[in-house]
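Q: My structure is in structure_0.txt, and what it holds is compact mmCIF, C-alpha atoms:
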```txt
# COMPACT_ATOMS: atom_id res chain seq x y z
CA MET A 1 74.97 108.88 91.30
CA ARG A 2 77.89 110.38 89.45
CA ILE A 3 80.53 112.16 91.52
CA ALA A 4 83.27 114.07 89.72
CA VAL A 5 86.52 114.64 91.57
CA ALA A 6 88.16 117.83 90.37
CA SER A 7 90.56 120.49 91.55
CA GLY A 8 91.94 123.77 90.40
CA LYS A 9 95.55 123.01 91.22
CA GLY A 10 97.22 119.87 89.96
CA GLY A 11 98.93 117.48 92.35
CA THR A 12 96.49 118.03 95.21
CA GLY A 13 95.32 114.41 95.31
CA LYS A 14 92.40 114.10 92.88
CA THR A 15 93.34 110.59 91.85
CA THR A 16 94.04 109.60 95.47
CA VAL A 17 90.55 110.77 96.45
CA ALA A 18 88.81 109.35 93.35
CA VAL A 19 90.46 105.94 93.82
CA ALA A 20 89.64 105.99 97.53
CA LEU A 21 85.99 106.79 96.80
CA THR A 22 85.93 103.92 94.29
CA LEU A 23 87.54 101.39 96.63
CA ALA A 24 85.38 102.43 99.57
CA SER A 25 82.18 101.64 97.69
CA GLN A 26 80.60 98.33 98.60
CA GLU A 27 78.40 98.40 95.52
CA PRO A 28 79.36 97.89 91.88
CA VAL A 29 81.16 101.07 90.86
CA VAL A 30 82.54 102.66 87.71
CA TYR A 31 85.79 104.59 87.85
CA ALA A 32 86.12 106.85 84.80
CA ASP A 33 89.55 108.36 84.28
CA CYS A 34 88.90 111.60 82.41
CA ASP A 35 92.32 113.05 83.23
CA VAL A 36 93.19 111.96 79.71
CA GLU A 37 96.47 113.83 79.41
CA GLU A 38 97.90 111.78 82.22
CA PRO A 39 95.49 109.09 83.37
CA ASN A 40 96.95 107.27 86.34
CA GLY A 41 94.06 105.76 88.28
CA SER A 42 94.87 102.38 86.73
CA ILE A 43 98.19 102.32 88.55
CA PHE A 44 96.23 102.02 91.78
CA LEU A 45 93.16 100.06 90.61
CA ARG A 46 95.13 97.64 88.39
CA PRO A 47 92.27 96.64 86.09
CA GLU A 48 92.37 93.70 83.73
CA VAL A 49 91.80 95.41 80.41
CA ASP A 50 89.22 93.67 78.20
CA ARG A 51 89.07 96.06 75.32
CA VAL A 52 90.86 99.06 73.84
CA GLU A 53 89.32 101.30 71.23
CA LYS A 54 90.61 104.26 69.28
CA VAL A 55 89.25 107.77 69.59
CA LEU A 56 88.82 109.23 66.12
CA VAL A 57 88.05 112.81 65.15
CA GLU A 58 87.19 114.18 61.74
CA VAL A 59 89.43 116.70 60.01
CA PRO A 60 88.93 118.36 56.63
CA LYS A 61 90.23 116.88 53.41
CA ILE A 62 90.58 119.23 50.47
CA ASP A 63 89.75 118.13 46.94
CA GLU A 64 92.14 120.40 45.07
CA SER A 65 90.42 119.71 41.75
CA LYS A 66 87.27 121.35 43.14
CA CYS A 67 88.96 124.07 45.25
CA ASN A 68 88.83 127.54 43.71
CA ALA A 69 91.39 128.92 46.17
CA CYS A 70 88.98 131.56 47.51
CA GLY A 71 90.30 131.19 51.07
CA ASP A 72 86.83 131.41 52.68
CA CYS A 73 87.49 128.25 54.71
CA ALA A 74 90.71 129.64 56.16
CA ARG A 75 89.08 133.00 56.99
CA PHE A 76 86.27 131.15 58.73
CA CYS A 77 88.49 128.84 60.81
CA GLN A 78 88.98 130.26 64.32
CA PHE A 79 91.64 127.71 65.19
CA ASN A 80 94.17 128.39 62.43
CA ALA A 81 93.72 124.83 61.23
CA LEU A 82 93.35 126.09 57.64
CA VAL A 83 95.62 128.65 55.98
CA SER A 84 95.26 129.96 52.46
CA PHE A 85 97.19 132.59 50.50
CA ASN A 86 94.78 132.48 47.58
CA THR A 87 95.86 128.88 47.24
CA PRO A 88 94.19 125.62 48.16
CA PRO A 89 94.43 125.68 51.96
CA LEU A 90 97.15 124.14 54.06
CA VAL A 91 95.53 121.87 56.67
CA PHE A 92 96.86 121.49 60.22
CA PRO A 93 94.84 118.54 61.56
CA ASP A 94 96.01 118.85 65.15
CA LEU A 95 94.59 122.40 65.42
CA CYS A 96 91.18 121.34 64.04
CA HIS A 97 88.19 121.21 66.41
CA SER A 98 86.01 119.34 63.88
CA CYS A 99 83.38 122.10 63.95
CA GLY A 100 82.45 121.59 60.31
CA GLY A 101 82.32 125.31 59.50
CA CYS A 102 84.82 125.14 56.64
CA GLU A 103 82.63 122.67 54.79
CA LEU A 104 79.61 124.95 55.24
CA VAL A 105 81.32 128.05 53.86
CA CYS A 106 83.11 126.30 50.98
CA PRO A 107 81.35 127.49 47.79
CA THR A 108 82.57 124.61 45.62
CA GLY A 109 82.04 121.57 47.85
CA ALA A 110 85.77 120.84 47.95
CA ILE A 111 85.83 119.84 51.60
CA SER A 112 85.10 116.36 52.87
CA TRP A 113 86.24 114.62 56.02
CA ARG A 114 88.72 112.00 57.06
CA LYS A 115 89.16 110.38 60.44
CA VAL A 116 92.36 110.66 62.44
CA PRO A 117 93.15 108.94 65.75
CA ILE A 118 93.85 111.20 68.74
CA GLY A 119 93.75 108.77 71.63
CA GLU A 120 92.29 105.60 73.02
CA ILE A 121 89.79 104.30 75.55
CA SER A 122 90.52 101.18 77.58
CA LEU A 123 87.82 99.23 79.33
CA GLY A 124 88.53 96.77 82.11
CA THR A 125 87.56 95.54 85.54
CA SER A 126 89.17 95.28 88.91
CA ASP A 127 88.37 93.59 92.24
CA GLY A 128 86.78 90.56 90.64
CA GLY A 129 84.54 92.60 88.37
CA ARG A 130 83.05 94.87 91.05
CA ILE A 131 84.95 97.90 89.76
CA SER A 132 84.70 98.86 86.10
CA VAL A 133 87.61 100.99 84.98
CA ILE A 134 87.19 103.17 81.91
CA GLN A 135 90.27 105.13 80.99
CA GLY A 136 90.68 107.77 78.33
CA LYS A 137 94.15 108.54 77.08
CA LEU A 138 95.09 111.34 74.72
CA ASP A 139 98.00 110.57 72.39
CA VAL A 140 101.28 112.18 73.42
CA GLY A 141 101.56 115.59 71.80
CA GLY A 142 97.81 115.77 71.15
CA SER A 143 95.91 118.85 72.22
CA LEU A 144 92.23 117.91 72.01
CA ALA A 145 91.28 116.32 75.30
CA PRO A 146 87.49 116.94 75.14
CA PRO A 147 86.70 114.42 72.37
CA VAL A 148 88.53 111.70 74.34
CA ILE A 149 86.58 112.65 77.48
CA ARG A 150 83.31 112.66 75.54
CA GLN A 151 84.01 109.13 74.36
CA VAL A 152 84.73 107.97 77.94
CA LYS A 153 81.38 109.46 78.96
CA THR A 154 79.49 107.43 76.36
CA TYR A 155 80.16 104.40 78.59
CA LEU A 156 78.69 105.99 81.72
CA THR A 157 75.14 105.32 82.84
CA ASP A 158 72.94 106.80 85.56
CA ASP A 159 72.13 103.51 87.26
CA VAL A 160 75.62 102.68 88.59
CA PHE A 161 77.59 104.62 91.16
CA THR A 162 80.27 106.40 89.12
CA VAL A 163 83.42 108.27 90.10
CA VAL A 164 84.87 110.61 87.47
CA ASP A 165 88.54 111.55 87.87
CA SER A 166 88.71 114.98 86.23
CA PRO A 167 91.73 116.81 84.82
CA PRO A 168 93.18 119.69 86.84
CA GLY A 169 92.52 123.32 86.00
CA THR A 170 89.30 125.00 84.87
CA SER A 171 89.51 124.81 81.08
CA CYS A 172 87.49 122.92 78.45
CA PRO A 173 88.57 119.38 79.45
CA VAL A 174 87.44 120.03 83.03
CA ILE A 175 84.08 121.40 81.93
CA GLU A 176 83.62 118.38 79.67
CA SER A 177 84.41 115.96 82.50
CA LEU A 178 82.08 117.74 84.98
CA GLY A 179 79.12 117.70 82.58
CA GLU A 180 76.26 115.46 83.80
CA ALA A 181 77.93 114.96 87.20
CA ASP A 182 75.45 115.04 90.07
CA TYR A 183 78.05 116.27 92.50
CA VAL A 184 81.61 117.60 92.48
CA LEU A 185 84.30 117.08 95.09
CA LEU A 186 86.98 119.75 94.79
CA VAL A 187 90.29 118.51 96.15
CA THR A 188 92.73 121.11 97.36
CA GLU A 189 95.67 121.49 99.70
CA ALA A 190 96.09 123.94 102.58
CA THR A 191 98.50 126.24 100.81
CA PRO A 192 98.18 129.66 99.15
CA PHE A 193 98.52 127.96 95.74
CA GLY A 194 95.82 125.46 96.63
CA LEU A 195 93.55 128.28 97.78
CA HIS A 196 94.16 130.41 94.71
CA ASP A 197 93.20 127.63 92.33
CA LEU A 198 90.36 126.40 94.53
CA LYS A 199 88.71 129.79 94.14
CA LEU A 200 88.84 129.43 90.35
CA ALA A 201 87.44 125.92 90.58
CA VAL A 202 84.61 127.07 92.88
CA GLU A 203 83.69 129.84 90.41
CA THR A 204 83.61 127.26 87.63
CA VAL A 205 81.43 124.76 89.48
CA ARG A 206 79.07 127.51 90.66
CA GLU A 207 78.70 128.61 87.05
CA LEU A 208 77.78 125.04 86.13
CA GLY A 209 75.31 124.97 89.00
CA THR A 210 76.45 121.57 90.28
CA PRO A 211 76.42 121.00 94.04
CA PHE A 212 79.90 120.58 95.47
CA SER A 213 82.04 120.42 98.56
CA VAL A 214 85.75 120.49 99.32
CA VAL A 215 88.29 117.86 100.31
CA ILE A 216 91.41 119.30 101.93
CA ASN A 217 94.43 117.09 101.45
CA ARG A 218 97.44 117.49 103.77
CA PHE A 219 95.26 119.89 105.76
CA ASP A 220 97.64 119.94 108.74
CA GLU A 221 100.66 120.90 106.73
CA GLY A 222 99.90 124.39 105.42
CA ASP A 223 97.93 127.37 106.64
CA SER A 224 94.28 128.02 107.50
CA GLY A 225 93.55 129.98 104.29
CA VAL A 226 91.45 127.28 102.64
CA GLU A 227 89.36 126.63 105.76
CA ASP A 228 88.82 130.35 106.32
CA TYR A 229 87.76 130.75 102.70
CA CYS A 230 85.33 127.81 102.88
CA ALA A 231 83.85 129.21 106.09
CA SER A 232 83.32 132.66 104.62
CA GLU A 233 81.84 131.22 101.40
CA LYS A 234 79.73 128.68 103.33
CA ILE A 235 81.33 125.79 101.44
CA HIS A 236 81.11 122.43 103.17
CA ILE A 237 84.36 120.59 103.83
CA MET A 238 83.61 116.91 103.21
CA VAL A 239 86.92 115.36 104.34
CA LYS A 240 90.21 116.56 105.73
CA ILE A 241 93.08 114.22 104.93
CA PRO A 242 96.15 114.51 107.16
CA HIS A 243 99.68 114.66 105.89
CA ARG A 244 101.37 111.35 106.67
CA ARG A 245 104.65 109.90 105.59
CA GLU A 246 102.86 106.53 105.33
CA MET A 247 100.72 107.95 102.52
CA ALA A 248 103.75 108.89 100.46
CA GLU A 249 105.21 105.45 101.07
CA ALA A 250 102.00 103.68 100.07
CA TYR A 251 101.61 105.88 97.00
CA SER A 252 105.14 105.14 95.84
CA ARG A 253 104.28 101.42 95.91
CA GLY A 254 100.99 101.90 94.06
CA GLY A 255 99.07 101.60 97.32
CA ASN A 256 95.95 103.56 98.21
CA LEU A 257 94.82 105.99 100.85
CA PHE A 258 93.44 103.26 103.14
CA ASP A 259 96.69 101.31 103.12
CA ALA A 260 98.20 104.37 104.79
CA ILE A 261 95.32 105.81 106.81
CA PRO A 262 92.79 102.98 107.44
CA GLU A 263 90.57 105.15 109.65
CA LEU A 264 89.52 107.14 106.57
CA LEU A 265 87.71 104.14 105.05
CA ASP A 266 84.46 104.64 106.96
CA ILE A 267 84.51 108.35 106.26
CA PHE A 268 84.89 107.77 102.50
CA ARG A 269 82.29 105.01 102.58
CA SER A 270 79.79 107.49 104.01
CA ILE A 271 80.35 110.20 101.38
CA PRO A 272 77.74 109.09 98.81
CA GLU A 273 75.15 108.71 101.54
CA ARG A 274 75.99 112.09 103.03
CA ILE A 275 75.67 113.66 99.58
CA GLU A 276 72.28 112.04 99.08
CA LYS A 277 71.15 113.40 102.41
CA GLY A 278 72.07 116.83 101.19
CA VAL A 279 75.21 117.44 103.21
CA GLY A 280 77.19 120.23 101.62
CA VAL A 281 74.66 120.81 98.86
CA MET B 1 124.04 149.01 52.46
CA GLU B 2 123.69 147.70 48.95
CA GLU B 3 120.61 148.38 46.85
CA ILE B 4 118.04 145.72 47.50
CA ARG B 5 114.40 146.49 47.84
CA MET B 6 112.77 144.31 50.36
CA LYS B 7 110.81 144.18 53.58
CA ILE B 8 112.45 142.36 56.44
CA ALA B 9 110.39 141.28 59.48
CA VAL B 10 112.02 140.61 62.85
CA PRO B 11 110.12 139.48 65.99
CA SER B 12 110.84 141.83 68.87
CA PRO B 13 109.51 142.74 72.31
CA GLY B 14 110.52 146.37 71.59
CA ARG B 15 109.55 149.14 69.23
CA THR B 16 112.83 150.38 67.78
CA LEU B 17 115.67 149.05 65.64
CA GLU B 18 117.81 149.02 68.79
CA SER B 19 115.43 146.51 70.43
CA SER B 20 116.40 142.89 70.88
CA VAL B 21 115.17 139.99 68.79
CA ASP B 22 112.37 138.06 70.49
CA GLY B 23 113.38 134.53 71.43
CA ARG B 24 110.00 133.20 70.35
CA PHE B 25 108.52 133.57 66.92
CA GLY B 26 104.83 132.67 67.30
CA ARG B 27 104.39 134.39 70.64
CA ALA B 28 106.52 137.47 70.02
CA ALA B 29 104.87 140.72 71.15
CA GLY B 30 105.21 142.08 67.62
CA PHE B 31 107.30 142.32 64.50
CA ILE B 32 109.47 145.17 63.32
CA VAL B 33 109.12 145.35 59.55
CA TYR B 34 112.06 147.16 57.98
CA ASN B 35 111.92 148.58 54.47
CA THR B 36 115.36 148.54 52.82
CA GLU B 37 114.25 151.03 50.19
CA ASP B 38 114.12 154.02 52.50
CA GLY B 39 115.29 152.66 55.85
CA SER B 40 111.87 153.14 57.42
CA PHE B 41 110.14 150.58 59.58
CA THR B 42 106.67 149.78 60.82
CA LEU B 43 105.43 147.74 63.76
CA ALA B 44 103.13 144.76 63.24
CA ASP B 45 101.28 143.73 66.38
CA ASN B 46 101.27 140.07 67.32
CA GLY B 47 99.77 140.56 70.78
CA GLN B 48 96.73 138.35 70.13
CA ASN B 49 99.12 135.39 69.88
CA MET B 50 100.98 135.92 73.13
CA ASN B 51 98.17 134.19 75.01
CA ALA B 52 96.73 132.05 72.23
CA GLY B 53 95.89 128.54 73.36
CA GLN B 54 97.27 127.02 70.22
CA GLY B 55 98.09 127.87 66.63
CA ALA B 56 100.22 130.89 67.57
CA GLY B 57 102.93 130.03 65.05
CA VAL B 58 100.43 129.61 62.24
CA GLN B 59 98.72 132.92 63.04
CA ALA B 60 102.03 134.79 63.47
CA ALA B 61 103.20 133.49 60.09
CA GLN B 62 99.98 134.79 58.53
CA ASN B 63 100.47 138.15 60.26
CA ILE B 64 103.94 138.36 58.73
CA ALA B 65 102.67 137.44 55.29
CA ALA B 66 100.05 140.19 55.63
CA THR B 67 102.78 142.82 56.15
CA GLY B 68 104.16 141.96 52.73
CA ALA B 69 107.52 140.94 54.22
CA ASP B 70 109.91 139.13 51.89
CA VAL B 71 112.14 137.84 54.67
CA VAL B 72 111.72 137.03 58.36
CA ILE B 73 114.69 136.80 60.70
CA ALA B 74 114.08 134.79 63.90
CA PRO B 75 115.90 132.38 66.21
CA SER B 76 113.71 129.42 65.32
CA PHE B 77 110.75 128.32 63.25
CA GLY B 78 108.37 125.56 64.30
CA PRO B 79 106.99 123.07 61.78
CA LYS B 80 103.62 124.75 61.24
CA ALA B 81 105.02 128.29 60.99
CA PHE B 82 107.61 126.97 58.55
CA GLN B 83 104.94 125.48 56.28
CA VAL B 84 102.85 128.65 56.31
CA LEU B 85 105.79 130.99 55.65
CA LYS B 86 106.98 128.73 52.88
CA ALA B 87 103.52 128.71 51.29
CA ALA B 88 103.45 132.50 51.57
CA GLY B 89 106.84 132.74 49.86
CA VAL B 90 108.52 134.41 52.84
CA LYS B 91 112.20 133.54 53.18
CA MET B 92 113.22 132.38 56.66
CA VAL B 93 116.58 133.30 58.10
CA PHE B 94 118.12 132.48 61.47
CA SER B 95 118.91 135.44 63.72
CA ILE B 96 122.11 136.00 65.68
CA VAL B 97 122.51 137.49 69.15
CA GLY B 98 122.13 141.26 68.88
CA THR B 99 119.67 144.00 68.09
CA VAL B 100 117.10 144.06 65.32
CA LYS B 101 119.32 146.50 63.44
CA GLU B 102 122.42 144.31 63.74
CA ASN B 103 120.46 141.37 62.43
CA ILE B 104 119.13 143.31 59.46
CA GLU B 105 122.63 144.56 58.63
CA SER B 106 124.08 141.08 58.94
CA PHE B 107 121.38 139.68 56.69
CA ILE B 108 121.96 142.31 54.02
CA ALA B 109 125.69 141.60 54.23
CA GLY B 110 124.88 137.95 53.51
CA LYS B 111 126.08 136.74 56.88
CA LEU B 112 122.92 135.02 58.11
CA LYS B 113 121.98 131.44 57.42
CA GLU B 114 118.77 130.67 55.59
CA SER B 115 116.44 128.08 57.08
CA ASP B 116 115.48 125.27 54.75
CA ASN B 117 113.66 123.28 57.40
CA ALA B 118 111.77 123.76 60.63
CA ASN B 119 114.49 123.70 63.27
CA VAL B 120 112.41 123.10 66.37
CA GLU B 121 109.67 120.64 67.27
CA GLY B 122 106.10 121.79 67.64
CA HIS B 123 105.69 123.40 71.05
CA TRP B 124 103.31 125.37 73.26
```
Now that the file is in, can you turn its structure into structure tokens?
A:
Amino acid sequence: MRIAVASGKGGTGKTTVAVALTLASQEPVVYADCDVEEPNGSIFLRPEVDRVEKVLVEVPKIDESKCNACGDCARFCQFNALVSFNTPPLVFPDLCHSCGGCELVCPTGAISWRKVPIGEISLGTSDGGRISVIQGKLDVGGSLAPPVIRQVKTYLTDDVFTVVDSPPGTSCPVIESLGEADYVLLVTEATPFGLHDLKLAVETVRELGTPFSVVINRFDEGDSGVEDYCASEKIHIMVKIPHRREMAEAYSRGGNLFDAIPELLDIFRSIPERIEKGVGV
Amino acid sequence: MEEIRMKIAVPSPGRTLESSVDGRFGRAAGFIVYNTEDGSFTLADNGQNMNAGQGAGVQAAQNIAATGADVVIAPSFGPKAFQVLKAAGVKMVFSIVGTVKENIESFIAGKLKESDNANVEGHW
């Protein structure tokens, strides 16, 4: 089973929940950090890294001796990665989405491809090998998270329990990370901001058609808006995590949810089983 | 004003020569394009870039080139916009605090500094 932990709003506790779900498992488990702009699950899981590999994407290379300066490639490019003023095009590799369209429209075959690095994947294990940690990391200043996430996903299989730590928001990187997930946990907080972004996340997951439920973090700190919304939308609330000073203290030391609130361990341990039984589906 | 024939583009949130200069080049609402020949001006929309995910500077620079502007006056130019404007042969000049009109007058009087390099890092 693959569970993706996502949220609309950032800072609601996705990584806290994803790490907790990983640690609570008594089976071999894969933790996949797809929050590639700021992956931080490793701070809490502390894997021994066995291997690091680069993420490469292809960007166009112009052979100026073949280019007839027609500008068709630049007119075709929807991402402004190519610009031509009846000249051989300027290329802006970091705007390129590697779609390949420029090569198709080029009448003189002047476009070929070169590979550029945009990030890296690290592979390691934690807890004596029981937990596999796969982390994607986009280079600082990079803007193309989806290819890094796609490469993380090439290491995921259906036969091992897998927790995907998704990026916040509802844009392309989130969609990429939620793809192929069997279930989504949407983490939110009991505030108007949390509710606002939860609604966007719910719309997104409903569009994808993936079963989901909600985790409310710091549920006793804000208002009842999120719970009222979930009730009216018939959305199951899987866990409510209380606001505790001990959690902040544990977090600041790289500790996990169960260091602070041990009574949540059994609840988290039961989540995969409850999902399989169809709770909140 | 002395006799020079040129088109001068200035990013602005407004629609008149008394409007202010927009603090952002790529994501300006539009450009006021002033024609020194007859003192007329036109408005070039840049609205599609205000919410662009990325590449706003590159697209704005192409929009400016399409107006036939010879010069653009703005507070800053990012690295990609700089490359595009340079390739298009559009001169880049740094603006001063004031209205579009004051900036155009200062430029014509030779009081504004030309940009020979991108002066800000790439940004969102």
Q: I'd like the contact shell of Arg253 of chain A - 10 Å cut-off, all atoms listed in the file, skipping same-chain residues fewer than 4 positions apart - returned as a PDB file with C-alpha atoms, in the frame of the given file.
A:
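File written: out_36.pdb
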```pdb
ATOM      1  CA  ILE A  43      98.190 102.320  88.550  1.00  0.00           C
ATOM      2  CA  PHE A  44      96.230 102.020  91.780  1.00  0.00           C
ATOM      3  CA  MET A 247     100.720 107.950 102.520  1.00  0.00           C
ATOM      4  CA  ALA A 248     103.750 108.890 100.460  1.00  0.00           C
ATOM      5  CA  GLU A 249     105.210 105.450 101.070  1.00  0.00           C
TER       6      GLU A 249
END
```
Q: Please find the residues of chain B near chain A - the criterion being any atom within 8 Å, counting all atoms listed in the file - and write them as a list in words.
A: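 Here is what falls inside 8 Å: Gln54, Gly55, Val58, Gln59, Gln62, Lys80, Val84, Ala87 and Ala88 of chain B.
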Q: Restricted to C-alpha atoms, what would the selected residues look like written as a compact mmCIF listing (two decimals), in the coordinates of the input?
A:
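So the final result, stored in result-v7.txt, reads:
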```txt
# COMPACT_ATOMS: atom_id res chain seq x y z
CA GLN B 54 97.27 127.02 70.22
CA GLY B 55 98.09 127.87 66.63
CA VAL B 58 100.43 129.61 62.24
CA GLN B 59 98.72 132.92 63.04
CA GLN B 62 99.98 134.79 58.53
CA LYS B 80 103.62 124.75 61.24
CA VAL B 84 102.85 128.65 56.31
CA ALA B 87 103.52 128.71 51.29
CA ALA B 88 103.45 132.50 51.57
```
Q: Do you have the atom CA of Gly98 of chain B-atom CA of Asn49 of chain B distance handy?
A: 23.8 Å
Q: Can you pull out the residues contacting segment 106-111 of chain A? Cut-off 6 Å, using all atoms listed in the file, and skip same-chain residues under 3 positions away; I want them as a list in words.
A: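 Within the cut-off, the hits are Lys61, Ile62, Asp63, Lys66, Cys67 and Glu103 of chain A.
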Q: Which one of B:Asp45, B:Glu102, B:Glu37, B:Asp116 sits closest to Val21 of chain B if you count all atoms listed in the file?
A: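 Of B:Asp45, B:Glu102, B:Glu37, B:Asp116, the one nearest Val21 of chain B is B:Glu102, counting all atoms listed in the file.
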Q: Between atom CA of Phe31 of chain B and atom CA of Asn63 of chain B, what is the spacing in Å?
A: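 Going from atom CA of Asn63 of chain B over to atom CA of Phe31 of chain B, I get 9.1 Å.
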Q: So that I can see what lies close to segment 119-121 of chain B, please list as a ChimeraX atom specification the residues with an atom at most 8 Å from it, counting only C-alpha atoms and leaving out residues fewer than 3 positions away in the same chain.
A: /B:76-79,115
Q: Write the residues you've just listed into a file as a PDB file, in the coordinates of the input, and include C-alpha atoms for each of them.
A:
```pdb
ATOM      1  CA  SER B  76     113.710 129.420  65.320  1.00  0.00           C
ATOM      2  CA  PHE B  77     110.750 128.320  63.250  1.00  0.00           C
ATOM      3  CA  GLY B  78     108.370 125.560  64.300  1.00  0.00           C
ATOM      4  CA  PRO B  79     106.990 123.070  61.780  1.00  0.00           C
ATOM      5  CA  SER B 115     116.440 128.080  57.080  1.00  0.00           C
TER       6      SER B 115
END
```
